Amino acid sequence: MSREGVDHALRGLREERERIAASLLDLDGHHGSRLLKGARLAGETWRRWDAAQARLAMLWRLFDAYQRVLDTAVELRERSARLDAATLMELTGMLSGLSVEMPDGEIPLEARTLLGPQQRRVTLDDAVTLMSEAYTFVAGEIAAADAAWTALLLPLEEAEEGWRETARLAHSLDGTRHPELDRLGRELTALGRLIRTDPLSLVRDGHADTARLDRVRTTLGGLRVELAGVARLRDDYAGLKAQLVASIEHVEETERRARATYEAAIAKIESPLLPEPSGGLGTGLRDRLAALERLREAERWVEMAGRVAELERAAEDAAERARSDLRLSAGLLDRRGELRGRLEAYRAKAARIGMAEDETLTRLYGQARDLLWTAPCDLRAATVAVAEYQRAIRASESETGTRR
């Protein structure tokens, strides 16, 4: 190499060394690197970081050897402004020849002997290539762990804080541990240990798998909402009790109406074939309300919340049963009323067409009226009688129209 060539090469190598040193320092101070160094790793993450650390150590040793060659070359060049042929030959060998000694750990097995590894040398350019490969590997492992922790640690910490808040709420309600909350706590502890020590075991296709954590957070959120509802029940029990009493009174009133309507149908309708209305639904509900009062006095709010929900559903079911009984009995009486109204409507029609005094129609009307206004009423016979009266009116109407 000429003197100008040596100077040009040294300037380029010095700039390159500064960039390499800066990159290595950035890698060493990276957030993910600090996390990996400070964590008690396990499993997949420990295995991969152990391999990365070995490559990182080799990288630093190789960089040190690289620097020694470059520093020696710079020192040799700066000894004299004029370089003789021997010095130029020596500098040429250092800058472009096999001048960088490889660290022992990087010498392959085939280059070793029984007496130990034979020293292997590479060029400065080859050393940069080897350092670049090691840097890419180490940076990739650090980035993977950092990305996994970034995706997992924040939701984990939010879930842990949510669990603590929910635990405090549960304790304030009845002073005991909630079984489901305890299970979630154990699950969260195991998950937290896994995330903090082995985040890479949860990476799937390059992305952190949060499914297990999401399930815990969803269940925990539902439990927190449930317990918040229990707290509202505790704080506004008087209002809730008033609503329950109103629901029970509605059931009792509907039961009374169903019983009265049933007795009226039995008395006024012949062979109604009605099932007897359900009885005592309201009484049973009041017994359950009294049991709630005992739970309230014992401040067993969590258990009480479940009983309240059961009582509300039972009150709705009882109200529907009472309404069904009422509809069955009322339906028969309504049918009788409908037939009465229809009979009178057709009688008015007979008068409009001038058939009010017709003997046949008068007889049919009398038969139907007797059936409908006699207790108990034979609804089947009354239905037939009204239909016969209706057909007779239509026939008379048709005959009158034909004569006209």
# chains A, B, ... in the order shown; residues from 1 in each chain; ligands from 1
call {"tool": "residues_around", "arguments": {"residues": "Leu10 in chain A", "least_positions_apart": "2", "cutoff": "12 Å", "atoms": "only C-alpha atoms", "output": "PyMOL selection string"}}
result
chain A and resi 1+3-8+12-17+67+69-78+91-92+94-96+124
call {"tool": "write_last_selection", "arguments": {"atoms": "C-alpha atoms", "output": "PDB file, in the first residue's frame"}}
result
ATOM      1  CA  MET A   1       0.000   0.000   0.000  1.00  0.00           C
ATOM      2  CA  ARG A   3       1.382   6.145   2.085  1.00  0.00           C
ATOM      3  CA  GLU A   4      -1.826   7.756   0.805  1.00  0.00           C
ATOM      4  CA  GLY A   5      -3.539   4.384   0.748  1.00  0.00           C
ATOM      5  CA  VAL A   6      -2.490   3.673   4.327  1.00  0.00           C
ATOM      6  CA  ASP A   7      -3.757   7.049   5.538  1.00  0.00           C
ATOM      7  CA  HIS A   8      -7.062   6.613   3.714  1.00  0.00           C
ATOM      8  CA  GLY A  12     -11.963   4.775   7.416  1.00  0.00           C
ATOM      9  CA  LEU A  13     -11.097   2.192  10.071  1.00  0.00           C
ATOM     10  CA  ARG A  14     -11.059   4.783  12.847  1.00  0.00           C
ATOM     11  CA  GLU A  15     -14.553   6.013  11.855  1.00  0.00           C
ATOM     12  CA  GLU A  16     -15.727   2.425  11.658  1.00  0.00           C
ATOM     13  CA  ARG A  17     -14.357   1.693  15.126  1.00  0.00           C
ATOM     14  CA  GLN A  67      -8.843  -2.339  18.425  1.00  0.00           C
ATOM     15  CA  VAL A  69      -4.469  -4.081  15.710  1.00  0.00           C
ATOM     16  CA  LEU A  70      -5.870  -0.706  14.739  1.00  0.00           C
ATOM     17  CA  ASP A  71      -4.102   1.102  17.626  1.00  0.00           C
ATOM     18  CA  THR A  72      -0.793  -0.560  16.716  1.00  0.00           C
ATOM     19  CA  ALA A  73      -1.199   0.480  13.094  1.00  0.00           C
ATOM     20  CA  VAL A  74      -1.996   4.069  14.062  1.00  0.00           C
ATOM     21  CA  GLU A  75       0.998   4.210  16.410  1.00  0.00           C
ATOM     22  CA  LEU A  76       3.287   2.794  13.703  1.00  0.00           C
ATOM     23  CA  ARG A  77       2.019   5.312  11.167  1.00  0.00           C
ATOM     24  CA  GLU A  78       2.505   8.256  13.523  1.00  0.00           C
ATOM     25  CA  LEU A  91       1.188  -1.623   7.698  1.00  0.00           C
ATOM     26  CA  THR A  92      -0.199  -3.314   4.597  1.00  0.00           C
ATOM     27  CA  MET A  94      -1.855  -5.208   9.434  1.00  0.00           C
ATOM     28  CA  LEU A  95      -4.597  -3.372   7.521  1.00  0.00           C
ATOM     29  CA  SER A  96      -5.405  -5.936   4.859  1.00  0.00           C
ATOM     30  CA  LEU A 124      -9.999  -6.497   9.978  1.00  0.00           C
TER      31      LEU A 124
END
call {"tool": "closest_residue", "arguments": {"among": "A:Pro199, A:Gly162, A:Pro179, A:Gly185", "to": "Val225 in chain A", "atoms": "only C-alpha atoms"}}
result
A:Gly162
call {"tool": "residues_around", "arguments": {"residues": "range 43-57 of chain A", "least_positions_apart": "3", "cutoff": "10 Å", "atoms": "only C-alpha atoms", "output": "VMD selection string"}}
result
chain A and resid 24 27 to 28 33 36 to 37 39 to 40 60 to 63 103 105 to 106 131 133 to 135 137 to 142 144 to 145 194 197 to 202
call {"tool": "write_last_selection", "arguments": {"atoms": "C-alpha atoms", "output": "compact mmCIF listing (two decimals), in the first residue's frame"}}
result
# COMPACT_ATOMS: atom_id res chain seq x y z
CA LEU A 24 -21.95 -1.85 21.47
CA LEU A 27 -26.67 -2.45 23.09
CA ASP A 28 -25.22 -2.76 26.58
CA SER A 33 -30.57 -5.71 28.10
CA LEU A 36 -32.38 -9.43 31.17
CA LYS A 37 -29.31 -8.80 33.32
CA ALA A 39 -34.00 -10.68 36.14
CA ARG A 40 -33.87 -14.19 37.58
CA TRP A 60 -16.36 -7.70 23.05
CA ARG A 61 -13.20 -9.88 22.98
CA LEU A 62 -13.08 -9.71 19.20
CA PHE A 63 -13.61 -5.95 19.30
CA PRO A 103 -10.66 -15.36 20.76
CA GLY A 105 -13.86 -19.67 22.14
CA GLU A 106 -14.41 -18.87 18.47
CA MET A 131 -18.88 -8.88 15.02
CA GLU A 133 -23.26 -11.35 12.89
CA ALA A 134 -22.86 -11.65 16.66
CA TYR A 135 -24.37 -8.20 17.18
CA PHE A 137 -27.97 -12.28 17.01
CA VAL A 138 -27.65 -10.63 20.45
CA ALA A 139 -29.74 -7.59 19.47
CA GLY A 140 -32.46 -9.91 18.14
CA GLU A 141 -32.66 -11.86 21.41
CA ILE A 142 -32.72 -8.66 23.49
CA ALA A 144 -37.52 -10.31 21.45
CA ALA A 145 -37.41 -10.39 25.26
CA LEU A 194 -43.71 -17.02 34.32
CA THR A 197 -38.71 -14.99 34.51
CA ASP A 198 -39.52 -16.56 31.14
CA PRO A 199 -41.43 -14.15 28.84
CA LEU A 200 -40.11 -15.78 25.66
CA SER A 201 -41.96 -19.01 26.50
CA LEU A 202 -45.18 -17.08 25.82
call {"tool": "atom_distance", "arguments": {"atom1": "CA of Ile195 in chain A", "atom2": "CA of His207 in chain A"}}
result
13.8 Å
call {"tool": "residues_around", "arguments": {"residues": "range 288-304 of chain A", "least_positions_apart": "6", "cutoff": "12 Å", "atoms": "only C-alpha atoms", "output": "VMD selection string"}}
result
chain A and resid 169 to 179 223 226 to 238 240 to 248 281 to 282 310 to 312 314 to 315
call {"tool": "write_last_selection", "arguments": {"atoms": "N, CA and C atoms", "output": "CSV table (one decimal), in the first residue's frame"}}
result
chain,number,residue,atom,x,y,z
A,169,LEU,N,-62.1,-5.2,48.4
A,169,LEU,CA,-63.6,-5.0,48.4
A,169,LEU,C,-64.3,-6.3,49.0
A,170,ALA,N,-63.8,-7.4,48.6
A,170,ALA,CA,-64.4,-8.7,49.1
A,170,ALA,C,-64.3,-8.8,50.6
A,171,HIS,N,-63.1,-8.4,51.1
A,171,HIS,CA,-62.9,-8.4,52.6
A,171,HIS,C,-63.8,-7.4,53.3
A,172,SER,N,-64.1,-6.3,52.7
A,172,SER,CA,-64.9,-5.3,53.3
A,172,SER,C,-66.4,-5.8,53.4
A,173,LEU,N,-66.7,-6.7,52.5
A,173,LEU,CA,-68.1,-7.2,52.4
A,173,LEU,C,-68.4,-8.2,53.5
A,174,ASP,N,-67.6,-9.2,53.7
A,174,ASP,CA,-67.9,-10.2,54.7
A,174,ASP,C,-66.7,-10.7,55.5
A,175,GLY,N,-65.6,-10.1,55.3
A,175,GLY,CA,-64.4,-10.4,56.1
A,175,GLY,C,-63.8,-11.7,55.8
A,176,THR,N,-64.3,-12.4,54.7
A,176,THR,CA,-63.7,-13.8,54.4
A,176,THR,C,-63.2,-13.7,53.0
A,177,ARG,N,-62.4,-14.8,52.6
A,177,ARG,CA,-61.9,-14.9,51.3
A,177,ARG,C,-62.9,-15.5,50.4
A,178,HIS,N,-62.9,-14.9,49.2
A,178,HIS,CA,-63.8,-15.4,48.1
A,178,HIS,C,-63.1,-16.6,47.4
A,179,PRO,N,-63.8,-17.7,47.3
A,179,PRO,CA,-63.1,-18.9,46.6
A,179,PRO,C,-62.6,-18.6,45.2
A,223,LEU,N,-65.8,-10.6,38.2
A,223,LEU,CA,-65.9,-10.7,39.7
A,223,LEU,C,-66.0,-9.4,40.4
A,226,GLU,N,-69.3,-8.0,40.0
A,226,GLU,CA,-70.2,-8.7,40.8
A,226,GLU,C,-70.1,-8.2,42.3
A,227,LEU,N,-68.9,-8.1,42.8
A,227,LEU,CA,-68.7,-7.6,44.1
A,227,LEU,C,-69.1,-6.2,44.3
A,228,ALA,N,-68.9,-5.4,43.3
A,228,ALA,CA,-69.4,-4.0,43.3
A,228,ALA,C,-70.9,-4.0,43.5
A,229,GLY,N,-71.6,-4.9,42.8
A,229,GLY,CA,-73.0,-5.0,42.9
A,229,GLY,C,-73.4,-5.4,44.3
A,230,VAL,N,-72.6,-6.3,44.9
A,230,VAL,CA,-72.9,-6.7,46.3
A,230,VAL,C,-72.8,-5.5,47.2
A,231,ALA,N,-71.7,-4.7,47.0
A,231,ALA,CA,-71.5,-3.5,47.8
A,231,ALA,C,-72.7,-2.5,47.7
A,232,ARG,N,-73.2,-2.4,46.4
A,232,ARG,CA,-74.4,-1.5,46.2
A,232,ARG,C,-75.6,-2.1,47.0
A,233,LEU,N,-75.7,-3.4,46.9
A,233,LEU,CA,-76.8,-4.1,47.7
A,233,LEU,C,-76.7,-3.7,49.2
A,234,ARG,N,-75.5,-3.8,49.7
A,234,ARG,CA,-75.3,-3.5,51.1
A,234,ARG,C,-75.7,-2.1,51.4
A,235,ASP,N,-75.3,-1.2,50.6
A,235,ASP,CA,-75.5,0.2,50.8
A,235,ASP,C,-76.9,0.7,50.6
A,236,ASP,N,-77.7,-0.1,49.7
A,236,ASP,CA,-79.1,0.4,49.4
A,236,ASP,C,-80.0,-0.8,49.6
A,237,TYR,N,-79.8,-1.5,50.7
A,237,TYR,CA,-80.7,-2.7,51.0
A,237,TYR,C,-82.1,-2.3,51.2
A,238,ALA,N,-82.3,-1.1,51.9
A,238,ALA,CA,-83.7,-0.7,52.2
A,238,ALA,C,-84.5,-0.6,50.9
A,240,LEU,N,-83.9,-2.0,48.0
A,240,LEU,CA,-84.0,-3.3,47.3
A,240,LEU,C,-85.1,-4.1,48.0
A,241,LYS,N,-85.1,-4.0,49.4
A,241,LYS,CA,-86.1,-4.7,50.1
A,241,LYS,C,-87.6,-4.2,49.7
A,242,ALA,N,-87.7,-2.9,49.6
A,242,ALA,CA,-89.0,-2.4,49.2
A,242,ALA,C,-89.4,-2.9,47.9
A,243,GLN,N,-88.5,-3.0,46.9
A,243,GLN,CA,-88.8,-3.6,45.6
A,243,GLN,C,-89.3,-5.0,45.7
A,244,LEU,N,-88.5,-5.8,46.6
A,244,LEU,CA,-88.9,-7.2,46.7
A,244,LEU,C,-90.3,-7.4,47.4
A,245,VAL,N,-90.6,-6.5,48.4
A,245,VAL,CA,-91.9,-6.6,49.0
A,245,VAL,C,-93.0,-6.3,48.0
A,246,ALA,N,-92.7,-5.2,47.2
A,246,ALA,CA,-93.7,-4.9,46.1
A,246,ALA,C,-93.9,-6.0,45.2
A,247,SER,N,-92.9,-6.7,44.8
A,247,SER,CA,-93.0,-7.9,43.9
A,247,SER,C,-93.8,-9.0,44.5
A,248,ILE,N,-93.6,-9.2,45.8
A,248,ILE,CA,-94.3,-10.3,46.5
A,248,ILE,C,-95.8,-9.9,46.7
A,281,LEU,N,-97.9,-19.2,46.8
A,281,LEU,CA,-96.6,-18.7,46.2
A,281,LEU,C,-96.1,-17.5,47.0
A,282,GLY,N,-97.0,-16.6,47.3
A,282,GLY,CA,-96.6,-15.4,48.0
A,282,GLY,C,-96.0,-15.7,49.4
A,310,GLU,N,-81.8,-15.0,43.4
A,310,GLU,CA,-82.7,-16.2,43.3
A,310,GLU,C,-84.1,-15.8,43.6
A,311,LEU,N,-84.2,-14.9,44.7
A,311,LEU,CA,-85.6,-14.5,45.1
A,311,LEU,C,-86.2,-13.6,44.0
A,312,GLU,N,-85.5,-12.8,43.4
A,312,GLU,CA,-86.0,-12.0,42.3
A,312,GLU,C,-86.5,-12.8,41.1
A,314,ALA,N,-87.4,-16.0,41.4
A,314,ALA,CA,-88.6,-16.8,41.9
A,314,ALA,C,-89.8,-15.9,41.9
A,315,ALA,N,-89.7,-14.6,42.3
A,315,ALA,CA,-90.9,-13.7,42.3
A,315,ALA,C,-91.4,-13.6,40.9
call {"tool": "closest_residue", "arguments": {"among": "A:Gln390, A:Gly341, A:Asp26, A:Leu88", "to": "Tyr365 in chain A", "atoms": "only C-alpha atoms"}}
result
A:Gln390
call {"tool": "residues_around", "arguments": {"residues": "Asp358 in chain A", "least_positions_apart": "6", "cutoff": "12 Å", "atoms": "only C-alpha atoms", "output": "list of chain:residue names"}}
result
A:Arg347, A:Ala350, A:Ala351, A:Leu364, A:Tyr365, A:Tyr389, A:Ala392, A:Ile393, A:Ser396, A:Glu397
call {"tool": "write_last_selection", "arguments": {"atoms": "N, CA, C and O atoms", "output": "PDB file, in the first residue's frame"}}
result
ATOM      1  N   ARG A 347    -128.931  -9.973  17.023  1.00  0.00           N
ATOM      2  CA  ARG A 347    -130.343  -9.612  17.261  1.00  0.00           C
ATOM      3  C   ARG A 347    -130.629  -8.215  16.700  1.00  0.00           C
ATOM      4  O   ARG A 347    -131.684  -7.980  16.081  1.00  0.00           O
ATOM      5  N   ALA A 350    -130.950  -8.489  13.011  1.00  0.00           N
ATOM      6  CA  ALA A 350    -132.258  -9.031  12.600  1.00  0.00           C
ATOM      7  C   ALA A 350    -133.320  -7.922  12.592  1.00  0.00           C
ATOM      8  O   ALA A 350    -134.183  -7.869  11.707  1.00  0.00           O
ATOM      9  N   ALA A 351    -133.204  -7.035  13.563  1.00  0.00           N
ATOM     10  CA  ALA A 351    -134.161  -5.918  13.602  1.00  0.00           C
ATOM     11  C   ALA A 351    -133.958  -4.994  12.415  1.00  0.00           C
ATOM     12  O   ALA A 351    -134.936  -4.484  11.824  1.00  0.00           O
ATOM     13  N   LEU A 364    -134.812 -19.235  18.186  1.00  0.00           N
ATOM     14  CA  LEU A 364    -133.366 -19.497  18.275  1.00  0.00           C
ATOM     15  C   LEU A 364    -132.681 -18.521  19.218  1.00  0.00           C
ATOM     16  O   LEU A 364    -131.773 -18.890  19.978  1.00  0.00           O
ATOM     17  N   TYR A 365    -133.103 -17.261  19.172  1.00  0.00           N
ATOM     18  CA  TYR A 365    -132.514 -16.263  20.071  1.00  0.00           C
ATOM     19  C   TYR A 365    -132.796 -16.628  21.527  1.00  0.00           C
ATOM     20  O   TYR A 365    -131.917 -16.555  22.392  1.00  0.00           O
ATOM     21  N   TYR A 389    -128.160 -19.408  15.356  1.00  0.00           N
ATOM     22  CA  TYR A 389    -128.905 -18.141  15.234  1.00  0.00           C
ATOM     23  C   TYR A 389    -128.255 -17.267  14.152  1.00  0.00           C
ATOM     24  O   TYR A 389    -128.936 -16.650  13.336  1.00  0.00           O
ATOM     25  N   ALA A 392    -129.148 -18.638  10.710  1.00  0.00           N
ATOM     26  CA  ALA A 392    -130.549 -18.375  10.363  1.00  0.00           C
ATOM     27  C   ALA A 392    -130.728 -16.928   9.911  1.00  0.00           C
ATOM     28  O   ALA A 392    -131.469 -16.656   8.948  1.00  0.00           O
ATOM     29  N   ILE A 393    -130.066 -16.003  10.542  1.00  0.00           N
ATOM     30  CA  ILE A 393    -130.164 -14.590  10.144  1.00  0.00           C
ATOM     31  C   ILE A 393    -129.587 -14.396   8.750  1.00  0.00           C
ATOM     32  O   ILE A 393    -130.166 -13.684   7.911  1.00  0.00           O
ATOM     33  N   SER A 396    -132.038 -15.755   6.234  1.00  0.00           N
ATOM     34  CA  SER A 396    -133.180 -14.852   6.069  1.00  0.00           C
ATOM     35  C   SER A 396    -132.778 -13.610   5.281  1.00  0.00           C
ATOM     36  O   SER A 396    -133.525 -13.123   4.430  1.00  0.00           O
ATOM     37  N   GLU A 397    -131.584 -13.110   5.527  1.00  0.00           N
ATOM     38  CA  GLU A 397    -131.079 -11.908   4.836  1.00  0.00           C
ATOM     39  C   GLU A 397    -130.941 -12.219   3.333  1.00  0.00           C
ATOM     40  O   GLU A 397    -131.321 -11.397   2.489  1.00  0.00           O
TER      41      GLU A 397
END
call {"tool": "residues_around", "arguments": {"residues": "Thr123 in chain A", "least_positions_apart": "2", "cutoff": "12 Å", "atoms": "only C-alpha atoms", "output": "ChimeraX atom specification"}}
result
/A:62,65-66,69-70,92-102,120-121,125-130
call {"tool": "closest_residue", "arguments": {"among": "A:Met89, A:Ala208, A:Ile269, A:Ala159", "to": "Ser329 in chain A", "atoms": "only C-alpha atoms"}}
result
A:Ile269
call {"tool": "select_by_dssp", "arguments": {"residues": "range 110-287 of chain A", "states": "strand (DSSP E or B)", "output": "list in words"}}
result
Arg112, Thr113, Gly116, Pro117, Arg121, Val122, Val203, Arg204, His207, Ala208 and Ile269 of chain A
call {"tool": "write_last_selection", "arguments": {"atoms": "C-alpha atoms", "output": "PDB file, in the first residue's frame"}}
result
ATOM      1  CA  ARG A 112      -7.734 -27.351  17.474  1.00  0.00           C
ATOM      2  CA  THR A 113      -5.105 -29.910  18.520  1.00  0.00           C
ATOM      3  CA  GLY A 116      -4.855 -26.725  22.586  1.00  0.00           C
ATOM      4  CA  PRO A 117      -6.363 -24.514  19.909  1.00  0.00           C
ATOM      5  CA  ARG A 121      -6.249 -14.929  12.576  1.00  0.00           C
ATOM      6  CA  VAL A 122      -8.677 -12.996  10.400  1.00  0.00           C
ATOM      7  CA  VAL A 203     -44.137 -15.856  22.352  1.00  0.00           C
ATOM      8  CA  ARG A 204     -46.030 -17.406  19.435  1.00  0.00           C
ATOM      9  CA  HIS A 207     -45.923 -12.081  19.184  1.00  0.00           C
ATOM     10  CA  ALA A 208     -46.565 -12.423  22.911  1.00  0.00           C
ATOM     11  CA  ILE A 269    -119.444 -22.245  33.678  1.00  0.00           C
TER      12      ILE A 269
END
